[in-house]
file my_file.txt (compact mmCIF, C-alpha atoms)
# COMPACT_ATOMS: atom_id res chain seq x y z
CA MET A 1 0.00 0.00 0.00
CA ASP A 2 2.95 2.31 0.54
CA ALA A 3 3.67 2.16 -3.20
CA PHE A 4 0.15 3.20 -4.19
CA PRO A 5 0.07 6.25 -6.53
CA CYS A 6 -2.56 7.80 -4.27
CA GLY A 7 -3.10 8.39 -0.60
CA ALA A 8 -4.16 5.34 1.41
CA LEU A 9 -5.43 6.06 4.91
CA VAL A 10 -7.28 4.12 7.58
CA SER A 11 -9.17 5.71 10.45
CA SER A 12 -10.60 3.92 13.45
CA PRO A 13 -14.27 4.03 14.52
CA ASP A 14 -13.44 6.87 16.93
CA GLY A 15 -11.94 8.91 14.09
CA ARG A 16 -8.21 8.32 14.83
CA ILE A 17 -5.74 7.80 11.99
CA THR A 18 -4.22 4.33 12.29
CA TYR A 19 -2.43 4.08 8.96
CA LEU A 20 -1.32 6.32 6.11
CA ASN A 21 1.10 5.65 3.30
CA SER A 22 4.02 7.71 2.02
CA TYR A 23 1.84 9.63 -0.46
CA PHE A 24 1.11 12.09 2.31
CA ARG A 25 4.78 13.04 2.54
CA THR A 26 4.79 14.31 -1.05
CA VAL A 27 1.52 16.07 -1.83
CA PRO A 28 0.16 17.07 1.61
CA LEU A 29 3.70 17.32 3.10
CA TRP A 30 2.87 15.39 6.25
CA GLU A 31 5.23 13.00 8.01
CA GLN A 32 3.59 9.77 9.10
CA GLN A 33 4.45 10.30 12.75
CA GLN A 34 2.70 13.67 12.67
CA LEU A 35 -0.65 12.11 11.82
CA ASN A 36 -0.56 8.63 13.28
CA GLY A 37 -2.98 8.58 16.20
CA GLN A 38 -4.34 12.02 15.37
CA SER A 39 -8.00 12.71 14.69
CA ILE A 40 -8.95 12.73 11.03
CA GLU A 41 -9.97 16.34 11.71
CA ALA A 42 -6.26 17.28 11.69
CA LEU A 43 -6.11 16.39 8.00
CA LEU A 44 -9.23 18.30 6.97
CA THR A 45 -9.84 22.03 6.66
CA PRO A 46 -12.66 23.43 8.82
CA GLU A 47 -14.95 23.48 5.78
CA SER A 48 -14.06 19.89 4.90
CA TRP A 49 -14.63 18.76 8.49
CA ILE A 50 -18.13 20.26 8.49
CA PHE A 51 -18.83 18.54 5.15
CA PHE A 52 -17.46 15.26 6.48
CA GLU A 53 -19.63 15.39 9.61
CA SER A 54 -22.81 16.63 7.92
CA TYR A 55 -22.74 14.70 4.63
CA MET A 56 -20.05 12.05 4.37
CA MET A 57 -20.62 10.32 7.71
CA PRO A 58 -24.41 9.99 7.24
CA THR A 59 -23.79 8.64 3.74
CA LEU A 60 -21.21 6.17 5.03
CA LEU A 61 -23.58 4.98 7.76
CA ARG A 62 -26.39 4.57 5.23
CA ALA A 63 -24.62 3.31 2.10
CA GLY A 64 -21.18 2.26 3.32
CA MET A 65 -19.27 4.35 0.75
CA CYS A 66 -18.70 7.88 -0.52
CA THR A 67 -17.15 8.00 -3.97
CA GLU A 68 -15.08 10.76 -5.57
CA VAL A 69 -15.87 13.51 -3.10
CA GLN A 70 -14.07 16.76 -3.86
CA LEU A 71 -12.81 18.63 -0.82
CA PRO A 72 -9.79 20.64 0.35
CA MET A 73 -7.33 18.84 2.63
CA ARG A 74 -5.06 20.59 5.11
CA ARG A 75 -1.29 20.49 4.66
CA SER A 76 1.15 20.43 7.54
CA ASP A 77 1.96 24.13 7.00
CA GLY A 78 -1.70 25.12 7.31
CA SER A 79 -2.32 25.62 3.59
CA SER A 80 -4.80 23.44 1.71
CA VAL A 81 -4.67 21.19 -1.33
CA PRO A 82 -7.69 20.11 -3.42
CA VAL A 83 -8.24 16.34 -3.38
CA VAL A 84 -10.74 13.75 -4.51
CA ALA A 85 -11.52 11.22 -1.80
CA THR A 86 -13.30 7.87 -1.89
CA VAL A 87 -14.15 6.49 1.54
CA ALA A 88 -15.49 3.04 2.41
CA SER A 89 -16.81 1.95 5.78
CA ALA A 90 -16.22 -1.52 7.21
CA PRO A 91 -18.91 -3.21 9.38
CA ASN A 92 -17.01 -2.15 12.51
CA HIS A 93 -17.05 1.49 11.20
CA THR A 94 -13.36 1.54 10.37
CA LEU A 95 -12.95 3.91 7.41
CA TYR A 96 -10.70 3.20 4.44
CA TRP A 97 -9.72 6.31 2.51
CA SER A 98 -8.35 6.68 -1.02
CA ILE A 99 -7.14 10.25 -1.60
CA MET A 100 -5.79 11.78 -4.81
CA SER A 101 -4.56 15.34 -5.21
CA THR A 102 -6.22 17.17 -8.12
CA ILE A 103 -3.51 19.83 -8.46
CA GLY A 104 -2.00 18.14 -11.50
CA SER A 105 -5.35 17.33 -13.08
CA ASN A 106 -6.56 20.89 -12.51
CA LYS A 107 -3.47 22.22 -14.28
CA LEU A 108 -4.00 19.73 -17.10
CA TYR A 109 -7.67 20.71 -17.33
CA ASP A 110 -6.71 24.39 -17.46
CA GLN A 111 -4.16 23.65 -20.20
CA LEU A 112 -6.70 21.63 -22.17
CA ALA A 113 -9.31 24.36 -21.74
CA ALA A 114 -6.84 27.02 -22.86
CA SER A 115 -5.86 24.88 -25.86
CA ARG A 116 -9.51 24.34 -26.73
CA ASP A 117 -10.26 28.07 -26.50
CA ALA A 118 -7.23 28.87 -28.67
CA GLN A 119 -8.37 26.34 -31.27
CA GLN A 120 -11.89 27.77 -31.24
CA GLN A 121 -10.56 31.30 -31.68
CA HIS A 122 -8.29 30.09 -34.48
CA ALA A 123 -11.25 28.36 -36.16
CA VAL A 124 -13.34 31.53 -35.88
CA HIS A 125 -10.41 33.52 -37.32
CA LEU A 126 -10.02 31.09 -40.23
CA GLU A 127 -13.75 31.17 -40.89
CA LYS A 128 -13.67 34.96 -40.92
CA LEU A 129 -10.70 34.93 -43.29
CA SER A 130 -12.50 32.54 -45.63
CA ARG A 131 -15.44 34.97 -45.82
CA THR A 132 -13.47 38.21 -46.05
CA ASP A 133 -11.64 39.91 -48.90
CA PRO A 134 -8.08 40.28 -47.53
CA LEU A 135 -7.39 43.61 -49.26
CA THR A 136 -10.51 45.59 -48.36
CA GLY A 137 -11.89 43.66 -45.40
CA LEU A 138 -15.28 43.46 -47.11
CA THR A 139 -17.37 40.34 -47.55
CA ASN A 140 -16.08 38.19 -50.40
CA ARG A 141 -17.96 36.29 -53.12
CA ARG A 142 -18.01 33.09 -51.08
CA ALA A 143 -19.82 34.73 -48.20
CA LEU A 144 -22.10 36.62 -50.59
CA ASP A 145 -23.42 33.35 -52.01
CA GLU A 146 -24.53 32.24 -48.55
CA THR A 147 -25.52 35.49 -46.83
CA GLY A 148 -27.07 37.03 -49.94
CA GLU A 149 -29.34 34.04 -50.40
CA GLN A 150 -30.44 34.31 -46.77
CA MET A 151 -31.22 38.01 -47.24
CA VAL A 152 -33.28 37.29 -50.36
CA ARG A 153 -35.31 34.61 -48.53
CA PHE A 154 -35.81 36.90 -45.52
CA SER A 155 -37.00 39.81 -47.70
CA HIS A 156 -39.36 37.52 -49.56
CA ARG A 157 -40.79 36.13 -46.31
CA LYS A 158 -41.26 39.63 -44.85
CA GLN A 159 -42.52 40.96 -48.19
CA GLN A 160 -39.89 43.70 -48.12
CA SER A 161 -37.87 45.25 -50.92
CA LEU A 162 -34.22 44.28 -51.24
CA GLY A 163 -32.09 46.88 -52.98
CA VAL A 164 -29.16 45.75 -55.11
CA LEU A 165 -26.37 48.08 -56.21
CA ILE A 166 -23.35 47.15 -58.31
CA ALA A 167 -20.60 49.77 -58.61
CA ASP A 168 -17.19 49.78 -60.19
CA ILE A 169 -14.33 52.29 -60.34
CA ASP A 170 -14.08 53.95 -63.77
CA HIS A 171 -10.77 53.61 -65.64
CA PHE A 172 -9.22 51.65 -62.79
CA LYS A 173 -6.66 50.05 -65.11
CA SER A 174 -5.21 53.47 -65.87
CA ILE A 175 -4.65 54.03 -62.13
CA ASN A 176 -2.61 50.82 -61.91
CA ASP A 177 -0.73 51.63 -65.12
CA ARG A 178 0.13 55.19 -64.10
CA PHE A 179 0.73 54.89 -60.36
CA GLY A 180 1.39 51.19 -59.82
CA HIS A 181 -0.54 48.39 -58.15
CA VAL A 182 0.29 49.56 -54.62
CA GLU A 183 -1.58 52.82 -55.27
CA GLY A 184 -4.31 50.86 -57.03
CA ASP A 185 -4.77 48.76 -53.88
CA ARG A 186 -4.94 51.93 -51.82
CA VAL A 187 -7.72 53.26 -54.05
CA LEU A 188 -9.68 50.01 -53.62
CA GLN A 189 -9.28 50.21 -49.85
CA ALA A 190 -10.38 53.85 -49.77
CA PHE A 191 -13.41 53.11 -51.95
CA ALA A 192 -14.37 50.16 -49.72
CA LYS A 193 -14.12 52.40 -46.66
CA ARG A 194 -16.45 54.95 -48.29
CA LEU A 195 -18.98 52.21 -48.98
CA VAL A 196 -18.86 51.02 -45.37
CA ASN A 197 -19.28 54.57 -44.05
CA LEU A 198 -22.32 55.10 -46.29
CA GLY A 199 -23.93 51.76 -45.47
CA ARG A 200 -25.99 50.62 -42.53
CA ASP A 201 -25.19 47.73 -40.20
CA SER A 202 -27.87 45.69 -41.96
CA ASP A 203 -26.39 46.22 -45.44
CA LEU A 204 -24.15 43.62 -47.04
CA ILE A 205 -21.17 45.17 -48.83
CA CYS A 206 -19.12 42.81 -50.95
CA ARG A 207 -16.07 43.07 -53.15
CA TYR A 208 -17.53 41.35 -56.15
CA GLY A 209 -14.32 41.08 -58.13
CA GLY A 210 -11.45 43.35 -59.18
CA GLU A 211 -12.79 46.91 -58.95
CA GLU A 212 -16.44 45.79 -58.79
CA PHE A 213 -18.46 46.05 -55.60
CA LEU A 214 -21.95 44.81 -54.76
CA VAL A 215 -24.22 46.20 -52.04
CA LEU A 216 -27.41 44.54 -50.77
CA LEU A 217 -29.74 46.99 -49.00
CA PRO A 218 -32.55 45.31 -47.01
CA ASP A 219 -35.94 47.01 -46.88
CA THR A 220 -34.84 49.50 -49.55
CA ASN A 221 -36.80 50.25 -52.73
CA LEU A 222 -35.50 51.61 -56.03
CA SER A 223 -35.58 55.25 -54.93
CA GLY A 224 -33.64 54.33 -51.80
CA VAL A 225 -30.97 52.59 -53.88
CA GLN A 226 -30.75 55.63 -56.16
CA ALA A 227 -30.30 57.89 -53.13
CA PHE A 228 -27.48 55.63 -51.90
CA ALA A 229 -25.83 55.78 -55.33
CA CYS A 230 -26.06 59.58 -55.37
CA ARG A 231 -24.41 59.83 -51.97
CA LEU A 232 -21.66 57.52 -53.19
CA HIS A 233 -21.10 59.66 -56.34
CA GLN A 234 -20.84 62.78 -54.21
call {"tool": "encode", "arguments": {"input": "my_file.txt", "output": "structure tokens"}}
result
Amino acid sequence: MDAFPCGALVSSPDGRITYLNSYFRTVPLWEQQQLNGQSIEALLTPESWIFFESYMMPTLLRAGMCTEVQLPMRRSDGSSVPVVATVASAPNHTLYWSIMSTIGSNKLYDQLAASRDAQQQHAVHLEKLSRTDPLTGLTNRRALDETGEQMVRFSHRKQQSLGVLIADIDHFKSINDRFGHVEGDRVLQAFAKRLVNLGRDSDLICRYGGEEFLVLLPDTNLSGVQAFACRLHQ
């Protein structure tokens, strides 16, 4: 029992510790002679002792076992360590304890949770990238196929108009030829920013391809689309 990878402890019917293995020297930092003969209360924090008296003992008297109970256990220096305890009661009310520190498993759980959160954030980032034009930050054609179809169905169901505007930049090739593609990219970014500033949160603004842009305007009739186009021209 001394080689068990967990704490093995025996307490007598009057609550005195009669045996404990060397596990308690490592995790709880107790020497065997410090606890032998002591009340089990010495090993439990005040909160754990109350829980033991009010819940664990009645359960042990009724069912003979408490399995995987989480509680803090007192160290020799007065600090506490979280453990999981399984306790079985013999017919003579001797208690047999199996105690395992959860410090390592808590750290592992935290690491796994952090890894899971990072993967989820990375997946969200990749999904956003797959739906976004990298140059302008606008919705791309892939996302337009999905979101645009949803907007058409919604407008049809609500019997609302759905405005559609396609705009391109005149003579854009001459900008690239005269000033270079870096300046051409800057023009595309500036134009995209103007579209976003003119649009509403409910509008879908997409880089349709090259210097072409498409805007879907929910609950907007033809005159509303024309007004949007005029503001864009200005």
call {"tool": "closest_residue", "arguments": {"input": "my_file.txt", "among": "A:Leu204, A:Val27, A:Met57, A:Ala63", "to": "Glu146 of chain A", "atoms": "all atoms listed in the file"}}
result
A:Leu204
call {"tool": "residues_near_point", "arguments": {"input": "my_file.txt", "point": "(-21.8, 54.4, -50.7)", "cutoff": "8 Å", "atoms": "all atoms listed in the file", "output": "PyMOL selection string"}}
result
chain A and resi 194-199+228-229+231-233
call {"tool": "axis_aligned_box", "arguments": {"input": "my_file.txt", "around": "segment 151-170 of chain A", "padding_each_side": "5 Å", "output": "AutoDock Vina command-line options"}}
result
--center_x -28.3 --center_y 44.3 --center_z -54.3 --size_x 38.4 --size_y 29.3 --size_z 28.9
call {"tool": "closest_residue", "arguments": {"input": "my_file.txt", "among": "A:Gln189, A:Ser161, A:Trp30, A:Ser130", "to": "Ser223 of chain A", "atoms": "all atoms listed in the file"}}
result
A:Ser161
call {"tool": "closest_residue", "arguments": {"input": "my_file.txt", "among": "A:Thr220, A:Ser89, A:Ser174, A:Thr45", "to": "Thr59 of chain A", "atoms": "only C-alpha atoms"}}
result
A:Ser89
call {"tool": "closest_residue", "arguments": {"input": "my_file.txt", "among": "A:Ile175, A:Ile99, A:Val182, A:Val84", "to": "Leu20 of chain A", "atoms": "only C-alpha atoms"}}
result
A:Ile99
call {"tool": "residues_around", "arguments": {"input": "my_file.txt", "residues": "Glu47 of chain A", "least_positions_apart": "6", "cutoff": "10 Å", "atoms": "all atoms listed in the file", "output": "VMD selection string"}}
result
chain A and resid 71 to 73
call {"tool": "atom_distance", "arguments": {"input": "my_file.txt", "atom1": "atom CA of Ser79 of chain A", "atom2": "atom CA of Ile103 of chain A"}}
result
13.4 Å
call {"tool": "atom_distance", "arguments": {"input": "my_file.txt", "atom1": "atom CA of Gly37 of chain A", "atom2": "atom CA of Ile17 of chain A"}}
result
5.1 Å
call {"tool": "closest_residue", "arguments": {"input": "my_file.txt", "among": "A:Ile166, A:Val69, A:Cys230, A:Met151", "to": "Met56 of chain A", "atoms": "only C-alpha atoms"}}
result
A:Val69
call {"tool": "atom_distance", "arguments": {"input": "my_file.txt", "atom1": "atom CA of Gln70 of chain A", "atom2": "atom CA of Ser101 of chain A"}}
result
9.7 Å
call {"tool": "residues_near_point", "arguments": {"input": "my_file.txt", "point": "(-1.7, 22.1, 7.3)", "cutoff": "12 Å", "atoms": "all atoms listed in the file", "output": "ChimeraX atom specification"}}
result
/A:24,27-31,34-35,41-46,72-81
call {"tool": "write_last_selection", "arguments": {"input": "my_file.txt", "atoms": "C-alpha atoms", "output": "PDB file, in the frame of the given file"}}
result
ATOM      1  CA  PHE A  24       1.110  12.090   2.310  1.00  0.00           C
ATOM      2  CA  VAL A  27       1.520  16.070  -1.830  1.00  0.00           C
ATOM      3  CA  PRO A  28       0.160  17.070   1.610  1.00  0.00           C
ATOM      4  CA  LEU A  29       3.700  17.320   3.100  1.00  0.00           C
ATOM      5  CA  TRP A  30       2.870  15.390   6.250  1.00  0.00           C
ATOM      6  CA  GLU A  31       5.230  13.000   8.010  1.00  0.00           C
ATOM      7  CA  GLN A  34       2.700  13.670  12.670  1.00  0.00           C
ATOM      8  CA  LEU A  35      -0.650  12.110  11.820  1.00  0.00           C
ATOM      9  CA  GLU A  41      -9.970  16.340  11.710  1.00  0.00           C
ATOM     10  CA  ALA A  42      -6.260  17.280  11.690  1.00  0.00           C
ATOM     11  CA  LEU A  43      -6.110  16.390   8.000  1.00  0.00           C
ATOM     12  CA  LEU A  44      -9.230  18.300   6.970  1.00  0.00           C
ATOM     13  CA  THR A  45      -9.840  22.030   6.660  1.00  0.00           C
ATOM     14  CA  PRO A  46     -12.660  23.430   8.820  1.00  0.00           C
ATOM     15  CA  PRO A  72      -9.790  20.640   0.350  1.00  0.00           C
ATOM     16  CA  MET A  73      -7.330  18.840   2.630  1.00  0.00           C
ATOM     17  CA  ARG A  74      -5.060  20.590   5.110  1.00  0.00           C
ATOM     18  CA  ARG A  75      -1.290  20.490   4.660  1.00  0.00           C
ATOM     19  CA  SER A  76       1.150  20.430   7.540  1.00  0.00           C
ATOM     20  CA  ASP A  77       1.960  24.130   7.000  1.00  0.00           C
ATOM     21  CA  GLY A  78      -1.700  25.120   7.310  1.00  0.00           C
ATOM     22  CA  SER A  79      -2.320  25.620   3.590  1.00  0.00           C
ATOM     23  CA  SER A  80      -4.800  23.440   1.710  1.00  0.00           C
ATOM     24  CA  VAL A  81      -4.670  21.190  -1.330  1.00  0.00           C
TER      25      VAL A  81
END
call {"tool": "closest_residue", "arguments": {"input": "my_file.txt", "among": "A:Leu135, A:Leu126, A:Ile40, A:Leu144", "to": "Pro13 of chain A", "atoms": "all atoms listed in the file"}}
result
A:Ile40
call {"tool": "residues_around", "arguments": {"input": "my_file.txt", "residues": "Pro218 of chain A", "least_positions_apart": "3", "cutoff": "8 Å", "atoms": "all atoms listed in the file", "output": "ChimeraX atom specification"}}
result
/A:151,155,160-163,202-203
